[in-house]
Amino acid sequence: MTRYLFTRTLHAIFVLWGAFTLSFILLQVMPGDAVLVKFQDPELGLNPQQIADMRATYGADESAITQYIHVLGRTLHGNLGYSIETGLPVGHMLQAAYPTTLRLAIISFAGAIILSITFCTLALLLSEHVTGRYIASFISAIPGITSGIPVFWLEIVAIQLVSFHWKLIPVVGLSGWSAVFLPGLALAIPISAPLAQVFMTTAKRVQQLPFIDVLRARGLSPFRILCSHIIPNAFPPTLTVSGLVFGEILAGAVVTETVFGLDGLGQLAQQAVASQDVAVLQAIILISVAGFISIGLLSEFIQPLLDPRIGRNGQQRKY
Amino acid sequence: MPHHFTPLKLVAALPVILLGLASLWPSLLCAQNPLTGFPAEYLSPPSINHWFGTDQFGRDVLARVVYGSFSTLSSAILAVGISLLWAIPAGLLAGLGSVHVERAILACADIVLSIPEIFLSLSIITLIGPGAAHVALAVGASQAAGFVRMIHTEVARIRASEYIESAAGMGATFSQIILRHVLPNSLNPALALASLRLGTAILAISTICFLGYGPPPPSPEWGLMITEGRDYLSTAWWITTFPGLAIIFAAWTTNLVSHAIRRPL
């Protein structure tokens with residue numbers, strides 16, 4: 001167990017370092033660094049000497065290797081550098097931005113889980129009936145369509161209908177949880193699609209297992225079998241797609257925060273791309289990689305607790 | 001394997017045919033020009049003359065949606081092609097090479113996979129700048145790692161199978177085994193994944209174009225059309241609604257193709 005923990009942690013650190021290096025190569029080694037882009041503007045009226053001084057302050061005049069060692073060193077000390085666009089410490093900017101994204105992620109993830117479970121329960125219950133079977137097969141085709149809904153389009157339509165046409169939830173003047181409620185619900189719809197697909201597949205596989213026949217023979221109602229036997233058994237494998245879902249939520253956050261004008265990590269990233277603010281973008285990438293790795297580790301540790309048949313290394317044990 | 005042609009299959013193939021026609025022969029589906037508008041008819045709702053209505057410049061929305069399918073579909077195919085170009089050699093090498101090569105390639109794939117795709121493609125965009133081909137390149141490069149892992153798994157599975165063992169026992173050379181057995185057998189799952197990824201690529205490309213890093217404004221691109229039509233949503237819902245439906249339709253159609261490829265397995 002200790003050995004397992006050790007190798008997993010080592011692997012996580014390696015991936016984090018690799019992602020840092022890759023993002024450094026992609027972002028810092030480009031021709032015409034961001035300092036030049038910002039200060040070369042003739043309207044600022046800076047002479048070449050002042051620009052050179054600015055570049056020296058940001059460390060942009062050194063060789064790529066020196067910069068890499070410098071940036072890696074200060075990141076290891078918890079210093080994420082300074083934004084070229086605003087001049088603020090990147091750490092402070094992230095601290096101000098992350099609560100919005102976290103709230104958005106929680107609402108959309110919870111919404112997606114509730115949505116996909118309700119959806120699959122409905123489809124599985126209907127498939128028990130002779131006439132409902134056709135409706136069920138129709139319903140189970142829906143996730144294939146919702147997975148193709150572009151988030152930005154759905155949200156624009158949601159604002160138009162919910163906020164302006166039906167006047168249910170206002171768009172402006174909200175803060176905290178209420179500001180992310182409608183965006184989170186809209187984001188939950190496309191995110192629920194992969195969850196529902198995995199959940200449906202595993203639920204159908206569980207339905208074929210012999211113990212379900214035994215339960216049926218003992219006279220349990222289909223609803224009871226579904227709720228207390230099929231769903232608890234089908235849920236743990238759904239966790240394996242949590243990494244994928246995390247990526248989708250982040251991608252959704254970039255778009256959602258832009259559409260709704262929320263000041264979270266996604267909007268920060270989008271602005272950083274627009275202004276070539278390398279330090280900010282790199283810090284956001286680093287944080288999301290750390291989040292991705294910890295979610296992967298967490299689901300790997302939780303799975304054996306939820307389903308004892310799954311071995312510690314994530315492989316299915318024989319009975 | 002026998003493939004019987006039935007009327008039901010023709011109905012199932014209709015979305016694919018429609019999407020193919022729209023991107024390859026757009027003038028067949030609509031007579032209007034996607035770029036020239038009639039200012040007198042601006043923001044007119046769907047009618048007999050303009051099935052999807054017109055936008056703020058009086059351009060026909062149906063024409064823009066139909067002509068936009070080429071832009072989106074070609075970018076998505078280019079993106080998946082770029083992914084495969086990277087991933088097939090890397091995946092084969094990982095599946096067939098020594099343990100060290102395999103570990104090194106899979107570790108690299110792990111690193112790339114740990115970065116959320118949207119951030120990876122946006123970083124590549126900051127590096128190479130906006131534009132239709134650049135978006136395809138960025139999306140393709142950020143999707144490649146997933147393909148590498150999948151091809152590796154497939155190749156490793158085939159390599160361990162019994163018919164490879166018997167082929168080797170009958171004296172087939174290494175290159176014969178790869179060309180005659182491993183490649184053809186790993187092609188079908190790779191194709192199924194490729195067509196499935198076409199749908200994700202369509203979504204990713206339209207998202208990046210929506211954020212404004214795609215082709216510049218007059219071009220009929222679905223994501224861009226939604227950005228442009230946003231300001232007119234309260235009075236002219238058709239400008240944003242139809243490109244959105246087109247994206248859903250295209251993504252759903254590629255899913256259908258993927259299912260059709262995977263089914264005989």
# chains A, B, ... in the order shown; residues from 1 in each chain; ligands from 1
>>> closest_atom_pairs(of="chain A", to="chain B", cutoff="8 Å", atoms="only C-alpha atoms", output="tab-separated table")
residue	atom	partner	partner_atom	distance
A:Val15	CA	B:Ile111	CA	5.1
A:Leu16	CA	B:Ile111	CA	7.4
A:Gly18	CA	B:Ile111	CA	5.8
A:Ala19	CA	B:Ile111	CA	5.5
A:Ser23	CA	B:Ser123	CA	7.7
A:Leu26	CA	B:Ser123	CA	6.7
A:Leu27	CA	B:Leu127	CA	6.6
A:Met30	CA	B:Leu127	CA	6.2
A:Gly144	CA	B:Trp252	CA	6.7
A:Ile145	CA	B:Trp252	CA	5.7
A:Thr146	CA	B:Ile248	CA	7.9
A:Gly148	CA	B:Ile248	CA	5.0
A:Ile149	CA	B:Ile248	CA	5.2
A:Pro150	CA	B:Leu203	CA	6.2
A:Phe152	CA	B:Thr207	CA	7.3
A:Trp153	CA	B:Gly244	CA	6.0
A:Ile156	CA	B:Arg230	CA	7.4
A:Val157	CA	B:Thr241	CA	7.9
A:Gln160	CA	B:Ser234	CA	6.9
A:Gly247	CA	B:Pro116	CA	5.0
A:Glu248	CA	B:Pro116	CA	7.9
A:Leu250	CA	B:Pro116	CA	7.3
A:Ala251	CA	B:Ile118	CA	5.4
A:Val255	CA	B:Leu211	CA	7.6
A:Ala269	CA	B:Phe119	CA	8.0
A:Val273	CA	B:Thr126	CA	6.0
A:Ala274	CA	B:Thr126	CA	7.8
A:Gln276	CA	B:Thr126	CA	6.4
A:Leu281	CA	B:Ser123	CA	7.9
A:Ile285	CA	B:Ile115	CA	6.7
A:Ser288	CA	B:Ile115	CA	7.0
A:Val289	CA	B:Ile115	CA	5.4
A:Phe292	CA	B:Ser114	CA	6.3
A:Ile293	CA	B:Ser114	CA	7.0
>>> select_by_dssp(residues="stretch 46-273 of chain A", states="alpha helix (DSSP H)", output="short mmCIF file (atom, residue, chain, number, x, y, z; two decimals) with C-alpha atoms, in the first residue's frame")
data_model
loop_
_atom_site.label_atom_id
_atom_site.label_comp_id
_atom_site.auth_asym_id
_atom_site.auth_seq_id
_atom_site.Cartn_x
_atom_site.Cartn_y
_atom_site.Cartn_z
CA PRO A 48 14.20 51.41 -26.53
CA GLN A 49 16.21 51.70 -23.31
CA GLN A 50 13.05 51.69 -21.18
CA ILE A 51 11.65 48.72 -23.09
CA ALA A 52 14.91 46.86 -22.52
CA ASP A 53 14.64 47.70 -18.81
CA MET A 54 11.08 46.38 -18.70
CA ARG A 55 12.15 43.20 -20.42
CA ALA A 56 14.96 42.79 -17.89
CA THR A 57 12.46 43.24 -15.03
CA TYR A 58 10.25 40.49 -16.42
CA ALA A 64 15.12 30.20 -22.73
CA ILE A 65 17.00 27.79 -20.44
CA THR A 66 17.78 30.49 -17.85
CA GLN A 67 14.16 31.63 -17.97
CA TYR A 68 12.95 28.07 -17.56
CA ILE A 69 15.13 27.48 -14.49
CA HIS A 70 14.07 30.83 -13.05
CA VAL A 71 10.35 30.27 -13.64
CA LEU A 72 10.50 26.69 -12.33
CA GLY A 73 12.37 27.85 -9.22
CA ARG A 74 9.93 30.61 -8.35
CA THR A 75 6.92 28.37 -9.08
CA LEU A 76 8.29 25.79 -6.67
CA VAL A 90 -0.84 36.09 -10.63
CA GLY A 91 -1.49 34.34 -7.31
CA HIS A 92 -3.81 37.15 -6.19
CA MET A 93 -5.66 37.15 -9.50
CA LEU A 94 -6.26 33.41 -9.24
CA GLN A 95 -7.37 33.74 -5.64
CA ALA A 96 -9.96 36.31 -6.65
CA ALA A 97 -11.16 34.25 -9.61
CA TYR A 98 -11.31 30.66 -8.40
CA PRO A 99 -14.43 30.81 -6.13
CA THR A 100 -16.69 31.63 -9.10
CA THR A 101 -15.32 28.75 -11.16
CA LEU A 102 -15.51 26.36 -8.23
CA ARG A 103 -19.15 27.25 -7.58
CA LEU A 104 -19.91 26.89 -11.29
CA ALA A 105 -18.17 23.50 -11.36
CA ILE A 106 -20.03 22.25 -8.26
CA ILE A 107 -23.46 23.29 -9.56
CA SER A 108 -22.89 21.92 -13.04
CA PHE A 109 -21.40 18.65 -11.76
CA ALA A 110 -24.20 18.09 -9.24
CA GLY A 111 -26.76 19.05 -11.88
CA ALA A 112 -25.20 16.67 -14.40
CA ILE A 113 -25.22 13.76 -11.94
CA ILE A 114 -28.85 14.34 -10.95
CA LEU A 115 -29.83 14.77 -14.58
CA SER A 116 -28.07 11.64 -15.81
CA ILE A 117 -29.37 9.45 -12.98
CA THR A 118 -32.96 10.63 -13.40
CA PHE A 119 -32.64 10.15 -17.10
CA CYS A 120 -31.27 6.61 -16.87
CA THR A 121 -33.80 5.61 -14.18
CA LEU A 122 -36.59 6.77 -16.43
CA ALA A 123 -35.21 4.91 -19.44
CA LEU A 124 -34.58 1.70 -17.48
CA LEU A 125 -38.00 1.75 -15.80
CA LEU A 126 -39.77 2.34 -19.11
CA GLY A 132 -42.74 1.80 -22.81
CA ARG A 133 -39.88 0.00 -24.50
CA TYR A 134 -40.16 2.13 -27.63
CA ILE A 135 -40.19 5.33 -25.60
CA ALA A 136 -37.19 4.00 -23.65
CA SER A 137 -35.15 3.35 -26.77
CA PHE A 138 -36.07 6.81 -27.97
CA ILE A 139 -34.99 8.31 -24.64
CA ILE A 142 -31.03 11.57 -26.36
CA PRO A 143 -27.55 11.71 -24.70
CA GLY A 144 -26.03 11.18 -28.15
CA ILE A 145 -27.71 14.39 -29.23
CA THR A 146 -27.18 16.46 -26.07
CA VAL A 151 -22.44 25.10 -24.61
CA PHE A 152 -22.17 28.71 -25.76
CA TRP A 153 -25.23 28.43 -27.97
CA LEU A 154 -27.29 26.72 -25.27
CA GLU A 155 -26.38 29.46 -22.80
CA ILE A 156 -27.20 32.29 -25.16
CA VAL A 157 -30.59 30.69 -25.79
CA ALA A 158 -31.05 30.11 -22.03
CA TRP A 177 -24.16 31.21 -5.71
CA SER A 178 -27.13 32.90 -7.34
CA ALA A 179 -24.89 34.27 -10.11
CA VAL A 180 -23.77 30.80 -11.17
CA PHE A 181 -27.16 29.07 -10.87
CA LEU A 182 -28.43 29.51 -14.42
CA PRO A 183 -24.94 29.12 -16.01
CA GLY A 184 -24.39 25.95 -13.97
CA LEU A 185 -27.70 24.44 -15.00
CA ALA A 186 -27.04 25.22 -18.67
CA LEU A 187 -23.57 23.70 -18.45
CA ALA A 188 -24.98 20.60 -16.72
CA ILE A 189 -26.95 19.55 -19.80
CA PRO A 190 -24.04 18.76 -22.17
CA ILE A 191 -21.92 17.45 -19.27
CA SER A 192 -24.61 14.98 -18.24
CA ALA A 193 -24.42 13.29 -21.66
CA PRO A 194 -21.17 11.28 -21.23
CA LEU A 195 -22.15 10.47 -17.64
CA ALA A 196 -25.54 9.19 -18.78
CA GLN A 197 -23.96 7.12 -21.56
CA VAL A 198 -21.48 5.39 -19.24
CA PHE A 199 -24.13 4.98 -16.55
CA MET A 200 -26.59 3.48 -19.02
CA THR A 201 -24.05 0.99 -20.37
CA THR A 202 -22.99 -0.24 -16.93
CA ALA A 203 -26.59 -0.33 -15.67
CA LYS A 204 -27.59 -2.54 -18.61
CA ARG A 205 -24.64 -4.82 -17.91
CA VAL A 206 -25.62 -5.09 -14.23
CA GLN A 207 -29.19 -5.85 -15.32
CA PRO A 210 -27.72 -13.48 -12.31
CA PHE A 211 -28.42 -11.84 -8.96
CA ILE A 212 -30.96 -9.54 -10.60
CA ASP A 213 -32.90 -12.60 -11.78
CA VAL A 214 -32.83 -13.94 -8.23
CA LEU A 215 -34.18 -10.65 -6.89
CA ARG A 216 -36.90 -10.65 -9.52
CA ALA A 217 -37.84 -14.23 -8.65
CA PRO A 222 -38.63 -3.39 -10.84
CA PHE A 223 -38.41 0.03 -9.19
CA ARG A 224 -36.99 -1.44 -6.01
CA ILE A 225 -34.44 -3.54 -7.93
CA ILE A 231 -27.98 1.99 -9.48
CA PRO A 232 -25.58 1.42 -6.52
CA ASN A 233 -23.75 -1.19 -8.60
CA ALA A 234 -23.60 0.89 -11.74
CA PHE A 235 -22.45 4.08 -10.07
CA PRO A 236 -18.74 3.38 -9.27
CA PRO A 237 -17.64 2.77 -12.90
CA THR A 238 -19.19 6.13 -13.78
CA SER A 242 -14.72 12.04 -13.90
CA GLY A 243 -11.42 13.19 -15.42
CA LEU A 244 -13.11 13.66 -18.77
CA VAL A 245 -15.95 15.50 -17.07
CA PHE A 246 -13.45 17.76 -15.27
CA GLY A 247 -11.94 18.77 -18.61
CA GLU A 248 -15.39 19.42 -20.04
CA ILE A 249 -16.38 21.56 -17.06
CA LEU A 250 -13.21 23.67 -17.46
CA ALA A 251 -13.80 24.02 -21.20
CA GLY A 252 -17.38 24.91 -20.38
CA ALA A 253 -16.21 27.43 -17.78
CA VAL A 254 -14.15 29.35 -20.35
CA VAL A 255 -17.20 29.73 -22.55
CA THR A 256 -19.80 30.12 -19.78
CA GLU A 257 -17.91 32.83 -17.95
CA THR A 258 -17.42 34.70 -21.21
CA VAL A 259 -21.11 34.46 -22.13
CA PHE A 260 -22.43 35.37 -18.67
CA LEU A 265 -10.72 31.33 -14.05
CA GLY A 266 -12.24 30.68 -17.45
CA GLN A 267 -12.66 34.33 -18.27
CA LEU A 268 -9.18 35.01 -16.90
CA ALA A 269 -7.80 32.38 -19.28
CA GLN A 270 -9.72 33.78 -22.21
CA GLN A 271 -8.42 37.31 -21.49
CA ALA A 272 -4.89 35.96 -21.03
CA VAL A 273 -5.06 34.37 -24.47
#
>>> residues_around(residues="stretch 150-159 of chain B", least_positions_apart="6", cutoff="9 Å", atoms="only C-alpha atoms", output="list in words")
Ala87, Ile88, Ala90, Gly91, Leu92, Leu93, Ala94, Gly95, Leu96, Glu102, Leu106, Glu165, Ile178, His181, Val182, Leu183, Asn185, Ser186, Leu187, Pro189, Ala190 and Leu193 of chain B
>>> atom_distance(atom1="atom CA of B:Ile164", atom2="atom CA of B:Arg180")
10.1 Å
>>> atom_distance(atom1="atom CA of B:Leu198", atom2="atom CA of B:Leu35")
26.8 Å
>>> residues_around(residues="B:Thr54", least_positions_apart="5", cutoff="6 Å", atoms="only C-alpha atoms", output="PDB file with N, CA and C atoms, in the first residue's frame")
ATOM      1  N   TYR B  42     -32.984  43.305 -44.491  1.00  0.00           N
ATOM      2  CA  TYR B  42     -32.246  42.902 -43.295  1.00  0.00           C
ATOM      3  C   TYR B  42     -33.182  42.465 -42.170  1.00  0.00           C
ATOM      4  N   LEU B  43     -32.711  41.483 -41.402  1.00  0.00           N
ATOM      5  CA  LEU B  43     -33.425  40.946 -40.239  1.00  0.00           C
ATOM      6  C   LEU B  43     -34.853  40.509 -40.558  1.00  0.00           C
ATOM      7  N   SER B  44     -35.070  39.944 -41.762  1.00  0.00           N
ATOM      8  CA  SER B  44     -36.433  39.477 -42.028  1.00  0.00           C
ATOM      9  C   SER B  44     -36.583  38.039 -41.544  1.00  0.00           C
ATOM     10  N   ARG B  59     -28.131  39.156 -45.359  1.00  0.00           N
ATOM     11  CA  ARG B  59     -27.628  37.924 -45.976  1.00  0.00           C
ATOM     12  C   ARG B  59     -28.541  36.757 -45.596  1.00  0.00           C
ATOM     13  N   ASP B  60     -28.669  35.817 -46.509  1.00  0.00           N
ATOM     14  CA  ASP B  60     -29.550  34.675 -46.293  1.00  0.00           C
ATOM     15  C   ASP B  60     -28.919  33.717 -45.284  1.00  0.00           C
ATOM     16  N   VAL B  61     -29.602  33.461 -44.151  1.00  0.00           N
ATOM     17  CA  VAL B  61     -29.024  32.626 -43.088  1.00  0.00           C
ATOM     18  C   VAL B  61     -28.880  31.182 -43.551  1.00  0.00           C
TER      19      VAL B  61
END
>>> atom_distance(atom1="atom CA of B:Tyr163", atom2="atom CA of B:Asn188")
17.6 Å
>>> closest_residue(among="B:Ala104, B:Gly140, B:Gly37, B:Ser47", to="B:Ala63", atoms="only C-alpha atoms")
B:Gly37
>>> closest_residue(among="B:Ser258, B:Gln176, B:Gln56, B:Ser23", to="B:Phe38", atoms="only C-alpha atoms")
B:Gln56
>>> residues_around(residues="B:Ser83", least_positions_apart="5", cutoff="12 Å", atoms="only C-alpha atoms", output="PDB file with N, CA and C atoms, in the first residue's frame")
ATOM      1  N   ALA B  76     -12.655  20.198 -39.153  1.00  0.00           N
ATOM      2  CA  ALA B  76     -12.720  19.050 -38.241  1.00  0.00           C
ATOM      3  C   ALA B  76     -11.965  17.864 -38.819  1.00  0.00           C
ATOM      4  N   ILE B  77     -12.134  17.626 -40.150  1.00  0.00           N
ATOM      5  CA  ILE B  77     -11.429  16.500 -40.776  1.00  0.00           C
ATOM      6  C   ILE B  77      -9.929  16.751 -40.737  1.00  0.00           C
ATOM      7  N   LEU B  78      -9.537  18.014 -41.005  1.00  0.00           N
ATOM      8  CA  LEU B  78      -8.117  18.373 -40.939  1.00  0.00           C
ATOM      9  C   LEU B  78      -7.572  18.132 -39.532  1.00  0.00           C
ATOM     10  N   ILE B  88      -0.721   7.792 -35.132  1.00  0.00           N
ATOM     11  CA  ILE B  88      -0.519   6.442 -35.661  1.00  0.00           C
ATOM     12  C   ILE B  88       0.932   5.984 -35.486  1.00  0.00           C
ATOM     13  N   PRO B  89       1.935   6.783 -35.910  1.00  0.00           N
ATOM     14  CA  PRO B  89       3.315   6.327 -35.666  1.00  0.00           C
ATOM     15  C   PRO B  89       3.630   6.180 -34.179  1.00  0.00           C
ATOM     16  N   ALA B  90       3.179   7.159 -33.382  1.00  0.00           N
ATOM     17  CA  ALA B  90       3.492   7.100 -31.944  1.00  0.00           C
ATOM     18  C   ALA B  90       2.821   5.897 -31.290  1.00  0.00           C
ATOM     19  N   GLY B  91       1.544   5.657 -31.638  1.00  0.00           N
ATOM     20  CA  GLY B  91       0.819   4.539 -31.053  1.00  0.00           C
ATOM     21  C   GLY B  91       1.402   3.198 -31.472  1.00  0.00           C
ATOM     22  N   ALA B 136      -7.791  24.443 -36.665  1.00  0.00           N
ATOM     23  CA  ALA B 136      -7.786  22.999 -36.931  1.00  0.00           C
ATOM     24  C   ALA B 136      -6.509  22.369 -36.401  1.00  0.00           C
ATOM     25  N   LEU B 137      -5.389  23.043 -36.630  1.00  0.00           N
ATOM     26  CA  LEU B 137      -4.099  22.536 -36.157  1.00  0.00           C
ATOM     27  C   LEU B 137      -4.090  22.439 -34.635  1.00  0.00           C
ATOM     28  N   ALA B 138      -4.585  23.505 -33.975  1.00  0.00           N
ATOM     29  CA  ALA B 138      -4.568  23.535 -32.515  1.00  0.00           C
ATOM     30  C   ALA B 138      -5.452  22.431 -31.941  1.00  0.00           C
ATOM     31  N   VAL B 139      -6.660  22.281 -32.491  1.00  0.00           N
ATOM     32  CA  VAL B 139      -7.576  21.251 -31.988  1.00  0.00           C
ATOM     33  C   VAL B 139      -7.014  19.862 -32.263  1.00  0.00           C
ATOM     34  N   GLY B 140      -6.446  19.677 -33.457  1.00  0.00           N
ATOM     35  CA  GLY B 140      -5.887  18.377 -33.806  1.00  0.00           C
ATOM     36  C   GLY B 140      -4.727  17.999 -32.914  1.00  0.00           C
ATOM     37  N   ALA B 141      -3.836  18.953 -32.676  1.00  0.00           N
ATOM     38  CA  ALA B 141      -2.667  18.657 -31.846  1.00  0.00           C
ATOM     39  C   ALA B 141      -3.084  18.327 -30.423  1.00  0.00           C
ATOM     40  N   SER B 142      -4.130  19.021 -29.917  1.00  0.00           N
ATOM     41  CA  SER B 142      -4.499  18.759 -28.525  1.00  0.00           C
ATOM     42  C   SER B 142      -5.310  17.475 -28.372  1.00  0.00           C
ATOM     43  N   GLN B 143      -5.824  16.935 -29.495  1.00  0.00           N
ATOM     44  CA  GLN B 143      -6.572  15.674 -29.393  1.00  0.00           C
ATOM     45  C   GLN B 143      -5.689  14.454 -29.610  1.00  0.00           C
ATOM     46  N   ALA B 144      -4.450  14.671 -30.074  1.00  0.00           N
ATOM     47  CA  ALA B 144      -3.623  13.545 -30.526  1.00  0.00           C
ATOM     48  C   ALA B 144      -3.317  12.538 -29.414  1.00  0.00           C
ATOM     49  N   ALA B 145      -3.100  13.038 -28.187  1.00  0.00           N
ATOM     50  CA  ALA B 145      -2.671  12.150 -27.100  1.00  0.00           C
ATOM     51  C   ALA B 145      -3.687  11.040 -26.829  1.00  0.00           C
ATOM     52  N   GLY B 146      -4.964  11.383 -26.899  1.00  0.00           N
ATOM     53  CA  GLY B 146      -6.006  10.379 -26.692  1.00  0.00           C
ATOM     54  C   GLY B 146      -5.925   9.273 -27.741  1.00  0.00           C
ATOM     55  N   PHE B 147      -5.668   9.672 -28.993  1.00  0.00           N
ATOM     56  CA  PHE B 147      -5.516   8.699 -30.069  1.00  0.00           C
ATOM     57  C   PHE B 147      -4.317   7.788 -29.822  1.00  0.00           C
ATOM     58  N   VAL B 148      -3.200   8.378 -29.368  1.00  0.00           N
ATOM     59  CA  VAL B 148      -1.991   7.584 -29.125  1.00  0.00           C
ATOM     60  C   VAL B 148      -2.306   6.458 -28.151  1.00  0.00           C
ATOM     61  N   ARG B 149      -2.970   6.806 -27.058  1.00  0.00           N
ATOM     62  CA  ARG B 149      -3.283   5.798 -26.039  1.00  0.00           C
ATOM     63  C   ARG B 149      -4.174   4.706 -26.607  1.00  0.00           C
ATOM     64  N   ILE B 151      -4.648   3.790 -29.827  1.00  0.00           N
ATOM     65  CA  ILE B 151      -3.975   2.945 -30.819  1.00  0.00           C
ATOM     66  C   ILE B 151      -3.004   1.998 -30.121  1.00  0.00           C
ATOM     67  N   ALA B 190      -9.719   2.336 -34.811  1.00  0.00           N
ATOM     68  CA  ALA B 190      -9.144   3.671 -34.966  1.00  0.00           C
ATOM     69  C   ALA B 190     -10.073   4.551 -35.787  1.00  0.00           C
ATOM     70  N   LEU B 193     -13.054   5.545 -33.668  1.00  0.00           N
ATOM     71  CA  LEU B 193     -12.685   6.620 -32.747  1.00  0.00           C
ATOM     72  C   LEU B 193     -12.516   7.934 -33.508  1.00  0.00           C
ATOM     73  N   ALA B 194     -11.904   7.842 -34.704  1.00  0.00           N
ATOM     74  CA  ALA B 194     -11.680   9.051 -35.493  1.00  0.00           C
ATOM     75  C   ALA B 194     -12.997   9.727 -35.821  1.00  0.00           C
ATOM     76  N   ARG B 197     -14.352  11.301 -32.760  1.00  0.00           N
ATOM     77  CA  ARG B 197     -13.611  12.517 -32.425  1.00  0.00           C
ATOM     78  C   ARG B 197     -13.944  13.645 -33.390  1.00  0.00           C
ATOM     79  N   LEU B 198     -14.461  13.300 -34.569  1.00  0.00           N
ATOM     80  CA  LEU B 198     -14.883  14.326 -35.514  1.00  0.00           C
ATOM     81  C   LEU B 198     -15.951  15.206 -34.867  1.00  0.00           C
ATOM     82  N   ALA B 201     -14.341  17.375 -32.360  1.00  0.00           N
ATOM     83  CA  ALA B 201     -13.567  18.407 -33.063  1.00  0.00           C
ATOM     84  C   ALA B 201     -14.486  19.505 -33.575  1.00  0.00           C
TER      85      ALA B 201
END
